[in-house]
file target02.pdb (PDB, N, CA and C atoms)
MODEL        1
ATOM      1  N   PRO E   1      -4.349   4.182   1.679
ATOM      2  CA  PRO E   1      -3.527   4.398   2.829
ATOM      3  C   PRO E   1      -3.337   3.116   3.534
ATOM      4  N   GLY E   2      -2.880   2.408   3.925
ATOM      5  CA  GLY E   2      -2.511   1.066   4.234
ATOM      6  C   GLY E   2      -2.677   0.625   5.629
ATOM      7  N   GLY E   3      -3.641   1.060   6.351
ATOM      8  CA  GLY E   3      -3.816   0.569   7.711
ATOM      9  C   GLY E   3      -4.317  -0.856   7.717
ATOM     10  N   GLY E   4      -4.476  -1.368   8.889
ATOM     11  CA  GLY E   4      -4.914  -2.746   9.030
ATOM     12  C   GLY E   4      -6.418  -2.877   9.138
ATOM     13  N   GLY E   5      -7.151  -1.848   8.740
ATOM     14  CA  GLY E   5      -8.606  -1.888   8.865
ATOM     15  C   GLY E   5      -9.251  -2.821   7.861
ATOM     16  N   SER E   6     -10.556  -2.831   7.895
ATOM     17  CA  SER E   6     -11.297  -3.697   6.976
ATOM     18  C   SER E   6     -11.238  -3.121   5.557
ATOM     19  N   PRO E   7     -11.418  -3.985   4.561
ATOM     20  CA  PRO E   7     -11.364  -3.517   3.182
ATOM     21  C   PRO E   7     -12.493  -2.534   2.885
ATOM     22  N   SER E   8     -12.250  -1.669   1.941
ATOM     23  CA  SER E   8     -13.264  -0.698   1.541
ATOM     24  C   SER E   8     -14.426  -1.415   0.873
ATOM     25  N   PRO E   9     -15.584  -0.760   0.808
ATOM     26  CA  PRO E   9     -16.722  -1.371   0.110
ATOM     27  C   PRO E   9     -16.382  -1.739  -1.341
ATOM     28  N   ALA E  10     -15.634  -0.902  -2.015
ATOM     29  CA  ALA E  10     -15.258  -1.196  -3.405
ATOM     30  C   ALA E  10     -14.390  -2.445  -3.483
ATOM     31  N   ARG E  11     -13.455  -2.590  -2.575
ATOM     32  CA  ARG E  11     -12.593  -3.789  -2.565
ATOM     33  C   ARG E  11     -13.403  -5.042  -2.247
ATOM     34  N   ARG E  12     -14.394  -4.915  -1.369
ATOM     35  CA  ARG E  12     -15.245  -6.072  -1.061
ATOM     36  C   ARG E  12     -16.060  -6.487  -2.282
ATOM     37  N   VAL E  13     -16.586  -5.506  -3.006
ATOM     38  CA  VAL E  13     -17.361  -5.808  -4.220
ATOM     39  C   VAL E  13     -16.467  -6.489  -5.254
ATOM     40  N   LEU E  14     -15.273  -5.967  -5.444
ATOM     41  CA  LEU E  14     -14.344  -6.565  -6.405
ATOM     42  C   LEU E  14     -13.943  -7.981  -5.996
ATOM     43  N   ALA E  15     -13.701  -8.196  -4.733
ATOM     44  CA  ALA E  15     -13.330  -9.532  -4.250
ATOM     45  C   ALA E  15     -14.485 -10.509  -4.457
ATOM     46  N   HIS E  16     -15.705 -10.048  -4.189
ATOM     47  CA  HIS E  16     -16.877 -10.897  -4.405
ATOM     48  C   HIS E  16     -17.020 -11.241  -5.891
ATOM     49  N   ALA E  17     -16.851 -10.253  -6.756
ATOM     50  CA  ALA E  17     -16.950 -10.483  -8.204
ATOM     51  C   ALA E  17     -15.879 -11.469  -8.661
ATOM     52  N   GLU E  18     -14.661 -11.286  -8.191
ATOM     53  CA  GLU E  18     -13.576 -12.193  -8.567
ATOM     54  C   GLU E  18     -13.908 -13.627  -8.144
ATOM     55  N   HIS E  19     -14.387 -13.791  -6.931
ATOM     56  CA  HIS E  19     -14.753 -15.112  -6.433
ATOM     57  C   HIS E  19     -15.882 -15.725  -7.277
ATOM     58  N   THR E  20     -16.899 -14.940  -7.583
ATOM     59  CA  THR E  20     -18.049 -15.417  -8.348
ATOM     60  C   THR E  20     -17.633 -15.869  -9.737
ATOM     61  N   TYR E  21     -16.866 -15.038 -10.440
ATOM     62  CA  TYR E  21     -16.462 -15.375 -11.808
ATOM     63  C   TYR E  21     -15.501 -16.559 -11.830
ATOM     64  N   ARG E  22     -14.625 -16.651 -10.850
ATOM     65  CA  ARG E  22     -13.713 -17.797 -10.768
ATOM     66  C   ARG E  22     -14.507 -19.075 -10.536
ATOM     67  N   ALA E  23     -15.495 -19.030  -9.650
ATOM     68  CA  ALA E  23     -16.318 -20.210  -9.364
ATOM     69  C   ALA E  23     -17.071 -20.659 -10.609
ATOM     70  N   ARG E  24     -17.596 -19.731 -11.376
ATOM     71  CA  ARG E  24     -18.337 -20.072 -12.591
ATOM     72  C   ARG E  24     -17.418 -20.712 -13.625
ATOM     73  N   ARG E  25     -16.271 -20.091 -13.852
ATOM     74  CA  ARG E  25     -15.305 -20.618 -14.820
ATOM     75  C   ARG E  25     -14.806 -21.996 -14.386
ATOM     76  N   ASN E  26     -14.448 -22.133 -13.123
ATOM     77  CA  ASN E  26     -13.930 -23.414 -12.633
ATOM     78  C   ASN E  26     -14.984 -24.504 -12.636
ATOM     79  N   ALA E  27     -16.238 -24.154 -12.396
ATOM     80  CA  ALA E  27     -17.311 -25.153 -12.454
ATOM     81  C   ALA E  27     -17.398 -25.751 -13.856
ATOM     82  N   LEU E  28     -17.310 -24.901 -14.867
ATOM     83  CA  LEU E  28     -17.363 -25.416 -16.236
ATOM     84  C   LEU E  28     -16.106 -26.212 -16.565
ATOM     85  N   LEU E  29     -14.944 -25.692 -16.194
ATOM     86  CA  LEU E  29     -13.704 -26.429 -16.464
ATOM     87  C   LEU E  29     -13.714 -27.798 -15.788
ATOM     88  N   ASP E  30     -14.158 -27.861 -14.551
ATOM     89  CA  ASP E  30     -14.223 -29.139 -13.832
ATOM     90  C   ASP E  30     -15.214 -30.097 -14.488
ATOM     91  N   ALA E  31     -16.365 -29.574 -14.887
ATOM     92  CA  ALA E  31     -17.378 -30.418 -15.521
ATOM     93  C   ALA E  31     -16.883 -30.939 -16.869
ATOM     94  N   LEU E  32     -16.201 -30.108 -17.631
ATOM     95  CA  LEU E  32     -15.648 -30.560 -18.907
ATOM     96  C   LEU E  32     -14.557 -31.597 -18.693
ATOM     97  N   SER E  33     -13.702 -31.365 -17.726
ATOM     98  CA  SER E  33     -12.628 -32.311 -17.421
ATOM     99  C   SER E  33     -13.199 -33.675 -17.033
ATOM    100  N   ALA E  34     -14.264 -33.682 -16.251
ATOM    101  CA  ALA E  34     -14.896 -34.932 -15.839
ATOM    102  C   ALA E  34     -15.435 -35.704 -17.038
ATOM    103  N   ARG E  35     -15.690 -34.984 -18.131
ATOM    104  CA  ARG E  35     -16.210 -35.610 -19.346
ATOM    105  C   ARG E  35     -15.102 -35.800 -20.389
ATOM    106  N   GLU E  36     -13.873 -35.563 -19.966
ATOM    107  CA  GLU E  36     -12.684 -35.697 -20.813
ATOM    108  C   GLU E  36     -12.717 -34.789 -22.037
ATOM    109  N   VAL E  37     -13.267 -33.584 -21.854
ATOM    110  CA  VAL E  37     -13.261 -32.563 -22.894
ATOM    111  C   VAL E  37     -12.127 -31.604 -22.567
ATOM    112  N   THR E  38     -11.212 -31.433 -23.502
ATOM    113  CA  THR E  38     -10.089 -30.525 -23.317
ATOM    114  C   THR E  38     -10.592 -29.083 -23.321
ATOM    115  N   ALA E  39     -10.181 -28.323 -22.318
ATOM    116  CA  ALA E  39     -10.582 -26.922 -22.218
ATOM    117  C   ALA E  39      -9.551 -26.175 -21.387
ATOM    118  N   VAL E  40      -9.380 -24.901 -21.693
ATOM    119  CA  VAL E  40      -8.480 -24.056 -20.909
ATOM    120  C   VAL E  40      -9.190 -22.748 -20.577
ATOM    121  N   GLY E  41      -8.825 -22.211 -19.435
ATOM    122  CA  GLY E  41      -9.387 -20.947 -18.985
ATOM    123  C   GLY E  41      -8.763 -20.579 -17.664
ATOM    124  N   PRO E  42      -7.479 -20.235 -17.672
ATOM    125  CA  PRO E  42      -6.796 -19.974 -16.407
ATOM    126  C   PRO E  42      -7.262 -18.711 -15.683
ATOM    127  N   SER E  43      -7.909 -17.803 -16.416
ATOM    128  CA  SER E  43      -8.392 -16.572 -15.787
ATOM    129  C   SER E  43      -9.459 -15.962 -16.686
ATOM    130  N   GLY E  44     -10.092 -14.937 -16.183
ATOM    131  CA  GLY E  44     -11.070 -14.214 -16.987
ATOM    132  C   GLY E  44     -12.437 -14.862 -17.026
ATOM    133  N   PHE E  45     -13.217 -14.458 -18.030
ATOM    134  CA  PHE E  45     -14.603 -14.888 -18.165
ATOM    135  C   PHE E  45     -14.793 -16.030 -19.150
ATOM    136  N   ASN E  46     -13.747 -16.428 -19.856
ATOM    137  CA  ASN E  46     -13.918 -17.334 -20.978
ATOM    138  C   ASN E  46     -13.182 -18.648 -20.812
ATOM    139  N   VAL E  47     -13.761 -19.670 -21.435
ATOM    140  CA  VAL E  47     -13.142 -20.989 -21.509
ATOM    141  C   VAL E  47     -12.970 -21.293 -22.996
ATOM    142  N   TRP E  48     -11.791 -21.777 -23.349
ATOM    143  CA  TRP E  48     -11.466 -22.109 -24.735
ATOM    144  C   TRP E  48     -11.476 -23.619 -24.891
ATOM    145  N   ILE E  49     -12.213 -24.097 -25.881
ATOM    146  CA  ILE E  49     -12.301 -25.532 -26.145
ATOM    147  C   ILE E  49     -11.847 -25.771 -27.581
ATOM    148  N   PRO E  50     -10.732 -26.474 -27.771
ATOM    149  CA  PRO E  50     -10.279 -26.769 -29.131
ATOM    150  C   PRO E  50     -11.284 -27.666 -29.857
ATOM    151  N   VAL E  51     -11.602 -27.302 -31.078
ATOM    152  CA  VAL E  51     -12.513 -28.090 -31.909
ATOM    153  C   VAL E  51     -11.974 -28.121 -33.334
ATOM    154  N   ALA E  52     -12.419 -29.089 -34.105
ATOM    155  CA  ALA E  52     -11.988 -29.188 -35.493
ATOM    156  C   ALA E  52     -12.718 -28.180 -36.382
ATOM    157  N   ASP E  53     -13.984 -27.945 -36.113
ATOM    158  CA  ASP E  53     -14.797 -27.066 -36.953
ATOM    159  C   ASP E  53     -15.608 -26.132 -36.051
ATOM    160  N   GLU E  54     -15.187 -24.904 -35.982
ATOM    161  CA  GLU E  54     -15.817 -23.927 -35.087
ATOM    162  C   GLU E  54     -17.290 -23.692 -35.418
ATOM    163  N   THR E  55     -17.580 -23.434 -36.676
ATOM    164  CA  THR E  55     -18.952 -23.089 -37.065
ATOM    165  C   THR E  55     -19.913 -24.232 -36.800
ATOM    166  N   SER E  56     -19.536 -25.431 -37.218
ATOM    167  CA  SER E  56     -20.427 -26.580 -37.011
ATOM    168  C   SER E  56     -20.641 -26.872 -35.531
ATOM    169  N   THR E  57     -19.593 -26.694 -34.739
ATOM    170  CA  THR E  57     -19.731 -26.922 -33.295
ATOM    171  C   THR E  57     -20.670 -25.892 -32.684
ATOM    172  N   CYS E  58     -20.525 -24.636 -33.067
ATOM    173  CA  CYS E  58     -21.412 -23.585 -32.562
ATOM    174  C   CYS E  58     -22.866 -23.879 -32.946
ATOM    175  N   LEU E  59     -23.090 -24.321 -34.180
ATOM    176  CA  LEU E  59     -24.450 -24.637 -34.623
ATOM    177  C   LEU E  59     -25.012 -25.847 -33.882
ATOM    178  N   ALA E  60     -24.182 -26.873 -33.668
ATOM    179  CA  ALA E  60     -24.646 -28.056 -32.941
ATOM    180  C   ALA E  60     -25.042 -27.696 -31.513
ATOM    181  N   LEU E  61     -24.281 -26.805 -30.886
ATOM    182  CA  LEU E  61     -24.627 -26.389 -29.524
ATOM    183  C   LEU E  61     -25.845 -25.467 -29.518
ATOM    184  N   ALA E  62     -25.985 -24.647 -30.550
ATOM    185  CA  ALA E  62     -27.182 -23.801 -30.664
ATOM    186  C   ALA E  62     -28.428 -24.666 -30.779
ATOM    187  N   ASP E  63     -28.315 -25.780 -31.513
ATOM    188  CA  ASP E  63     -29.443 -26.706 -31.623
ATOM    189  C   ASP E  63     -29.834 -27.278 -30.269
ATOM    190  N   ARG E  64     -28.894 -27.302 -29.332
ATOM    191  CA  ARG E  64     -29.158 -27.807 -27.985
ATOM    192  C   ARG E  64     -29.489 -26.672 -27.011
ATOM    193  N   GLY E  65     -29.568 -25.445 -27.523
ATOM    194  CA  GLY E  65     -29.974 -24.315 -26.699
ATOM    195  C   GLY E  65     -28.843 -23.508 -26.077
ATOM    196  N   TYR E  66     -27.606 -23.717 -26.547
ATOM    197  CA  TYR E  66     -26.459 -23.012 -25.974
ATOM    198  C   TYR E  66     -25.791 -22.134 -27.016
ATOM    199  N   GLY E  67     -25.519 -20.896 -26.637
ATOM    200  CA  GLY E  67     -24.814 -19.976 -27.513
ATOM    201  C   GLY E  67     -23.349 -19.884 -27.115
ATOM    202  N   VAL E  68     -22.474 -20.242 -28.028
ATOM    203  CA  VAL E  68     -21.029 -20.115 -27.830
ATOM    204  C   VAL E  68     -20.476 -19.396 -29.051
ATOM    205  N   ALA E  69     -19.258 -18.915 -28.950
ATOM    206  CA  ALA E  69     -18.666 -18.147 -30.043
ATOM    207  C   ALA E  69     -17.591 -18.952 -30.764
ATOM    208  N   PRO E  70     -17.547 -18.821 -32.097
ATOM    209  CA  PRO E  70     -16.410 -19.404 -32.807
ATOM    210  C   PRO E  70     -15.147 -18.673 -32.380
ATOM    211  N   GLY E  71     -14.053 -19.367 -32.323
ATOM    212  CA  GLY E  71     -12.823 -18.774 -31.813
ATOM    213  C   GLY E  71     -12.071 -17.875 -32.769
ATOM    214  N   ALA E  72     -12.352 -17.954 -34.065
ATOM    215  CA  ALA E  72     -11.564 -17.222 -35.060
ATOM    216  C   ALA E  72     -11.347 -15.741 -34.725
ATOM    217  N   PRO E  73     -12.372 -15.006 -34.300
ATOM    218  CA  PRO E  73     -12.134 -13.583 -34.006
ATOM    219  C   PRO E  73     -11.239 -13.332 -32.789
ATOM    220  N   PHE E  74     -10.983 -14.361 -31.988
ATOM    221  CA  PHE E  74     -10.266 -14.180 -30.732
ATOM    222  C   PHE E  74      -8.886 -14.822 -30.725
ATOM    223  N   ARG E  75      -8.459 -15.403 -31.825
ATOM    224  CA  ARG E  75      -7.170 -16.102 -31.829
ATOM    225  C   ARG E  75      -6.252 -15.547 -32.905
ATOM    226  N   LEU E  76      -4.965 -15.640 -32.638
ATOM    227  CA  LEU E  76      -3.968 -15.211 -33.607
ATOM    228  C   LEU E  76      -3.243 -16.405 -34.211
ATOM    229  N   ALA E  77      -2.728 -17.290 -33.364
ATOM    230  CA  ALA E  77      -1.916 -18.389 -33.866
ATOM    231  C   ALA E  77      -2.381 -19.760 -33.384
ATOM    232  N   SER E  78      -3.361 -19.825 -32.525
ATOM    233  CA  SER E  78      -3.791 -21.117 -31.992
ATOM    234  C   SER E  78      -4.683 -21.836 -33.007
ATOM    235  N   SER E  79      -4.918 -23.091 -32.737
ATOM    236  CA  SER E  79      -5.785 -23.884 -33.601
ATOM    237  C   SER E  79      -7.245 -23.518 -33.345
ATOM    238  N   PRO E  80      -8.157 -23.990 -34.202
ATOM    239  CA  PRO E  80      -9.574 -23.654 -34.042
ATOM    240  C   PRO E  80     -10.119 -24.065 -32.677
ATOM    241  N   GLY E  81     -11.098 -23.322 -32.230
ATOM    242  CA  GLY E  81     -11.732 -23.610 -30.952
ATOM    243  C   GLY E  81     -13.005 -22.813 -30.813
ATOM    244  N   ILE E  82     -13.729 -23.090 -29.745
ATOM    245  CA  ILE E  82     -14.896 -22.284 -29.414
ATOM    246  C   ILE E  82     -14.620 -21.563 -28.099
ATOM    247  N   ARG E  83     -15.245 -20.434 -27.964
ATOM    248  CA  ARG E  83     -15.080 -19.601 -26.783
ATOM    249  C   ARG E  83     -16.398 -19.601 -26.028
ATOM    250  N   VAL E  84     -16.348 -20.085 -24.796
ATOM    251  CA  VAL E  84     -17.539 -20.145 -23.959
ATOM    252  C   VAL E  84     -17.380 -19.100 -22.859
ATOM    253  N   THR E  85     -18.256 -18.129 -22.843
ATOM    254  CA  THR E  85     -18.207 -17.089 -21.827
ATOM    255  C   THR E  85     -18.979 -17.551 -20.598
ATOM    256  N   THR E  86     -18.316 -17.491 -19.454
ATOM    257  CA  THR E  86     -18.915 -17.990 -18.216
ATOM    258  C   THR E  86     -19.392 -16.876 -17.293
ATOM    259  N   ALA E  87     -19.310 -15.638 -17.727
ATOM    260  CA  ALA E  87     -19.648 -14.508 -16.853
ATOM    261  C   ALA E  87     -21.059 -14.600 -16.291
ATOM    262  N   ARG E  88     -21.997 -15.104 -17.071
ATOM    263  CA  ARG E  88     -23.391 -15.187 -16.610
ATOM    264  C   ARG E  88     -23.835 -16.624 -16.348
ATOM    265  N   LEU E  89     -22.897 -17.563 -16.426
ATOM    266  CA  LEU E  89     -23.213 -18.973 -16.204
ATOM    267  C   LEU E  89     -23.396 -19.235 -14.713
ATOM    268  N   HIS E  90     -24.530 -19.762 -14.342
ATOM    269  CA  HIS E  90     -24.727 -20.160 -12.946
ATOM    270  C   HIS E  90     -23.978 -21.465 -12.719
ATOM    271  N   VAL E  91     -23.355 -21.605 -11.573
ATOM    272  CA  VAL E  91     -22.554 -22.792 -11.275
ATOM    273  C   VAL E  91     -23.360 -24.068 -11.520
ATOM    274  N   GLU E  92     -24.628 -24.073 -11.134
ATOM    275  CA  GLU E  92     -25.447 -25.278 -11.305
ATOM    276  C   GLU E  92     -25.747 -25.590 -12.771
ATOM    277  N   ASP E  93     -25.509 -24.640 -13.667
ATOM    278  CA  ASP E  93     -25.734 -24.869 -15.091
ATOM    279  C   ASP E  93     -24.486 -25.372 -15.820
ATOM    280  N   ALA E  94     -23.366 -25.464 -15.121
ATOM    281  CA  ALA E  94     -22.127 -25.924 -15.751
ATOM    282  C   ALA E  94     -22.228 -27.384 -16.181
ATOM    283  N   GLU E  95     -22.839 -28.218 -15.362
ATOM    284  CA  GLU E  95     -22.952 -29.650 -15.683
ATOM    285  C   GLU E  95     -23.780 -29.881 -16.954
ATOM    286  N   PRO E  96     -24.989 -29.308 -17.078
ATOM    287  CA  PRO E  96     -25.745 -29.508 -18.318
ATOM    288  C   PRO E  96     -25.031 -28.955 -19.552
ATOM    289  N   LEU E  97     -24.355 -27.828 -19.412
ATOM    290  CA  LEU E  97     -23.599 -27.275 -20.535
ATOM    291  C   LEU E  97     -22.470 -28.218 -20.920
ATOM    292  N   ALA E  98     -21.748 -28.729 -19.945
ATOM    293  CA  ALA E  98     -20.663 -29.679 -20.231
ATOM    294  C   ALA E  98     -21.222 -30.944 -20.878
ATOM    295  N   ASP E  99     -22.395 -31.403 -20.431
ATOM    296  CA  ASP E  99     -23.036 -32.562 -21.060
ATOM    297  C   ASP E  99     -23.291 -32.290 -22.542
ATOM    298  N   ALA E 100     -23.814 -31.111 -22.851
ATOM    299  CA  ALA E 100     -24.110 -30.763 -24.247
ATOM    300  C   ALA E 100     -22.836 -30.708 -25.074
ATOM    301  N   ILE E 101     -21.798 -30.110 -24.526
ATOM    302  CA  ILE E 101     -20.532 -30.016 -25.258
ATOM    303  C   ILE E 101     -19.952 -31.412 -25.490
ATOM    304  N   ALA E 102     -19.949 -32.236 -24.462
ATOM    305  CA  ALA E 102     -19.433 -33.599 -24.597
ATOM    306  C   ALA E 102     -20.264 -34.422 -25.573
ATOM    307  N   ALA E 103     -21.549 -34.139 -25.654
ATOM    308  CA  ALA E 103     -22.423 -34.895 -26.561
ATOM    309  C   ALA E 103     -22.140 -34.587 -28.025
ATOM    310  N   VAL E 104     -21.655 -33.388 -28.306
ATOM    311  CA  VAL E 104     -21.424 -33.029 -29.717
ATOM    312  C   VAL E 104     -19.972 -33.239 -30.150
ATOM    313  N   LEU E 105     -19.045 -33.403 -29.208
ATOM    314  CA  LEU E 105     -17.626 -33.548 -29.564
ATOM    315  C   LEU E 105     -17.106 -34.923 -29.192
ATOM    316  N   ASP E 106     -16.215 -35.445 -30.025
ATOM    317  CA  ASP E 106     -15.506 -36.666 -29.646
ATOM    318  C   ASP E 106     -14.183 -36.288 -28.986
ATOM    319  N   ASP E 107     -13.340 -37.262 -28.693
ATOM    320  CA  ASP E 107     -12.084 -37.013 -27.977
ATOM    321  C   ASP E 107     -11.156 -36.026 -28.680
ATOM    322  N   SER E 108     -11.239 -35.934 -29.992
ATOM    323  CA  SER E 108     -10.315 -35.075 -30.736
ATOM    324  C   SER E 108     -10.926 -33.732 -31.110
ATOM    325  N   GLY E 109     -12.105 -33.424 -30.583
ATOM    326  CA  GLY E 109     -12.740 -32.155 -30.891
ATOM    327  C   GLY E 109     -13.534 -32.187 -32.187
ATOM    328  N   GLN E 110     -13.704 -33.367 -32.753
ATOM    329  CA  GLN E 110     -14.514 -33.527 -33.958
ATOM    330  C   GLN E 110     -15.977 -33.658 -33.538
ATOM    331  N   LEU E 111     -16.858 -33.216 -34.409
ATOM    332  CA  LEU E 111     -18.289 -33.419 -34.145
ATOM    333  C   LEU E 111     -18.616 -34.902 -34.219
ATOM    334  N   ARG E 112     -19.500 -35.312 -33.347
ATOM    335  CA  ARG E 112     -19.950 -36.718 -33.372
ATOM    336  C   ARG E 112     -20.899 -36.929 -34.505
TER     337      ARG E 112
ENDMDL
END

call {"tool": "encode", "arguments": {"input": "target02.pdb", "output": "structure tokens"}}
result
Amino acid sequence: PGGGGSPSPARRVLAHAEHTYRARRNALLDALSAREVTAVGPSGFNVWIPVADETSTCLALADRGYGVAPGAPFRLASSPGIRVTTARLHVEDAEPLADAIAAVLDDSGQLR
């Protein structure tokens, strides 16, 4: 019903969730950008990082303690990439994750 009152509890919870997930995603995108790692994630829980070899990149990051997904199951026509889910990423953990990603990839998404 559209009065000028305060938002409902459900709307407040949704707004808080939207803010939280956006902050997590943007923290990772900003940290990757600062390290000159190409990444996209305009909305949602995921960040896409183009890589030359999805499996090897996932394994290299697993060796550093990070679980990411190969992009093949999530893409139709785009080039290879990894999918990093940020839904549970704490903002303060974005920098170390970006460091790990930058350490395993060169400028063209090839493994170092």

call {"tool": "select_by_dssp", "arguments": {"input": "target02.pdb", "residues": "chain E", "states": "helix (DSSP H, G or I)", "output": "PyMOL selection string"}}
result
chain E and resi 9-34+54-63+72-74+91-104

call {"tool": "atom_distance", "arguments": {"input": "target02.pdb", "atom1": "atom C of Thr85 of chain E", "atom2": "atom CA of Phe45 of chain E"}}
result
5.7 Å

call {"tool": "atom_distance", "arguments": {"input": "target02.pdb", "atom1": "atom CA of Pro7 of chain E", "atom2": "atom CA of Ala23 of chain E"}}
result
21.5 Å

call {"tool": "resolve_selection", "arguments": {"input": "target02.pdb", "expression": "the PyMOL selection byres (((chain E and resi 47 and name CA) around 6) and name CA)", "output": "MDAnalysis selection string"}}
result
chainID E and resid 40:41 46 48 83:84

call {"tool": "atom_distance", "arguments": {"input": "target02.pdb", "atom1": "atom CA of Ser78 of chain E", "atom2": "atom CA of Glu36 of chain E"}}
result
20.4 Å

call {"tool": "resolve_selection", "arguments": {"input": "target02.pdb", "expression": "the PyMOL selection byres ((chain E and resi 50) around 7)", "output": "VMD selection string"}}
result
chain E and resid 38 to 40 48 to 49 51 to 53 79 to 82 108 to 110

call {"tool": "write_last_selection", "arguments": {"input": "target02.pdb", "atoms": "N, CA and C atoms", "output": "PDB file, in the coordinates of the input"}}
result
ATOM      1  N   THR E  38     -11.212 -31.433 -23.502  1.00  0.00           N
ATOM      2  CA  THR E  38     -10.089 -30.525 -23.317  1.00  0.00           C
ATOM      3  C   THR E  38     -10.592 -29.083 -23.321  1.00  0.00           C
ATOM      4  N   ALA E  39     -10.181 -28.323 -22.318  1.00  0.00           N
ATOM      5  CA  ALA E  39     -10.582 -26.922 -22.218  1.00  0.00           C
ATOM      6  C   ALA E  39      -9.551 -26.175 -21.387  1.00  0.00           C
ATOM      7  N   VAL E  40      -9.380 -24.901 -21.693  1.00  0.00           N
ATOM      8  CA  VAL E  40      -8.480 -24.056 -20.909  1.00  0.00           C
ATOM      9  C   VAL E  40      -9.190 -22.748 -20.577  1.00  0.00           C
ATOM     10  N   TRP E  48     -11.791 -21.777 -23.349  1.00  0.00           N
ATOM     11  CA  TRP E  48     -11.466 -22.109 -24.735  1.00  0.00           C
ATOM     12  C   TRP E  48     -11.476 -23.619 -24.891  1.00  0.00           C
ATOM     13  N   ILE E  49     -12.213 -24.097 -25.881  1.00  0.00           N
ATOM     14  CA  ILE E  49     -12.301 -25.532 -26.145  1.00  0.00           C
ATOM     15  C   ILE E  49     -11.847 -25.771 -27.581  1.00  0.00           C
ATOM     16  N   VAL E  51     -11.602 -27.302 -31.078  1.00  0.00           N
ATOM     17  CA  VAL E  51     -12.513 -28.090 -31.909  1.00  0.00           C
ATOM     18  C   VAL E  51     -11.974 -28.121 -33.334  1.00  0.00           C
ATOM     19  N   ALA E  52     -12.419 -29.089 -34.105  1.00  0.00           N
ATOM     20  CA  ALA E  52     -11.988 -29.188 -35.493  1.00  0.00           C
ATOM     21  C   ALA E  52     -12.718 -28.180 -36.382  1.00  0.00           C
ATOM     22  N   ASP E  53     -13.984 -27.945 -36.113  1.00  0.00           N
ATOM     23  CA  ASP E  53     -14.797 -27.066 -36.953  1.00  0.00           C
ATOM     24  C   ASP E  53     -15.608 -26.132 -36.051  1.00  0.00           C
ATOM     25  N   SER E  79      -4.918 -23.091 -32.737  1.00  0.00           N
ATOM     26  CA  SER E  79      -5.785 -23.884 -33.601  1.00  0.00           C
ATOM     27  C   SER E  79      -7.245 -23.518 -33.345  1.00  0.00           C
ATOM     28  N   PRO E  80      -8.157 -23.990 -34.202  1.00  0.00           N
ATOM     29  CA  PRO E  80      -9.574 -23.654 -34.042  1.00  0.00           C
ATOM     30  C   PRO E  80     -10.119 -24.065 -32.677  1.00  0.00           C
ATOM     31  N   GLY E  81     -11.098 -23.322 -32.230  1.00  0.00           N
ATOM     32  CA  GLY E  81     -11.732 -23.610 -30.952  1.00  0.00           C
ATOM     33  C   GLY E  81     -13.005 -22.813 -30.813  1.00  0.00           C
ATOM     34  N   ILE E  82     -13.729 -23.090 -29.745  1.00  0.00           N
ATOM     35  CA  ILE E  82     -14.896 -22.284 -29.414  1.00  0.00           C
ATOM     36  C   ILE E  82     -14.620 -21.563 -28.099  1.00  0.00           C
ATOM     37  N   SER E 108     -11.239 -35.934 -29.992  1.00  0.00           N
ATOM     38  CA  SER E 108     -10.315 -35.075 -30.736  1.00  0.00           C
ATOM     39  C   SER E 108     -10.926 -33.732 -31.110  1.00  0.00           C
ATOM     40  N   GLY E 109     -12.105 -33.424 -30.583  1.00  0.00           N
ATOM     41  CA  GLY E 109     -12.740 -32.155 -30.891  1.00  0.00           C
ATOM     42  C   GLY E 109     -13.534 -32.187 -32.187  1.00  0.00           C
ATOM     43  N   GLN E 110     -13.704 -33.367 -32.753  1.00  0.00           N
ATOM     44  CA  GLN E 110     -14.514 -33.527 -33.958  1.00  0.00           C
ATOM     45  C   GLN E 110     -15.977 -33.658 -33.538  1.00  0.00           C
TER      46      GLN E 110
END

call {"tool": "closest_residue", "arguments": {"input": "target02.pdb", "among": "E:Gly65, E:Pro73, E:Gly44, E:Pro96", "to": "Arg22 of chain E", "atoms": "all atoms listed in the file"}}
result
E:Gly44

call {"tool": "closest_residue", "arguments": {"input": "target02.pdb", "among": "E:Leu111, E:Ala31, E:Ala10, E:Ala17", "to": "Glu95 of chain E", "atoms": "all atoms listed in the file"}}
result
E:Ala31

call {"tool": "closest_residue", "arguments": {"input": "target02.pdb", "among": "E:Ala103, E:Ala87, E:Ala60, E:Val13", "to": "Leu28 of chain E", "atoms": "only C-alpha atoms"}}
result
E:Ala87

call {"tool": "resolve_selection", "arguments": {"input": "target02.pdb", "expression": "the PyMOL selection byres ((chain E and resi 102) around 8)", "output": "list in words"}}
result
Leu32, Arg35, Glu36, Val37, Pro96, Leu97, Ala98, Asp99, Ala100, Ile101, Ala103, Val104, Leu105, Asp106 and Arg112 of chain E
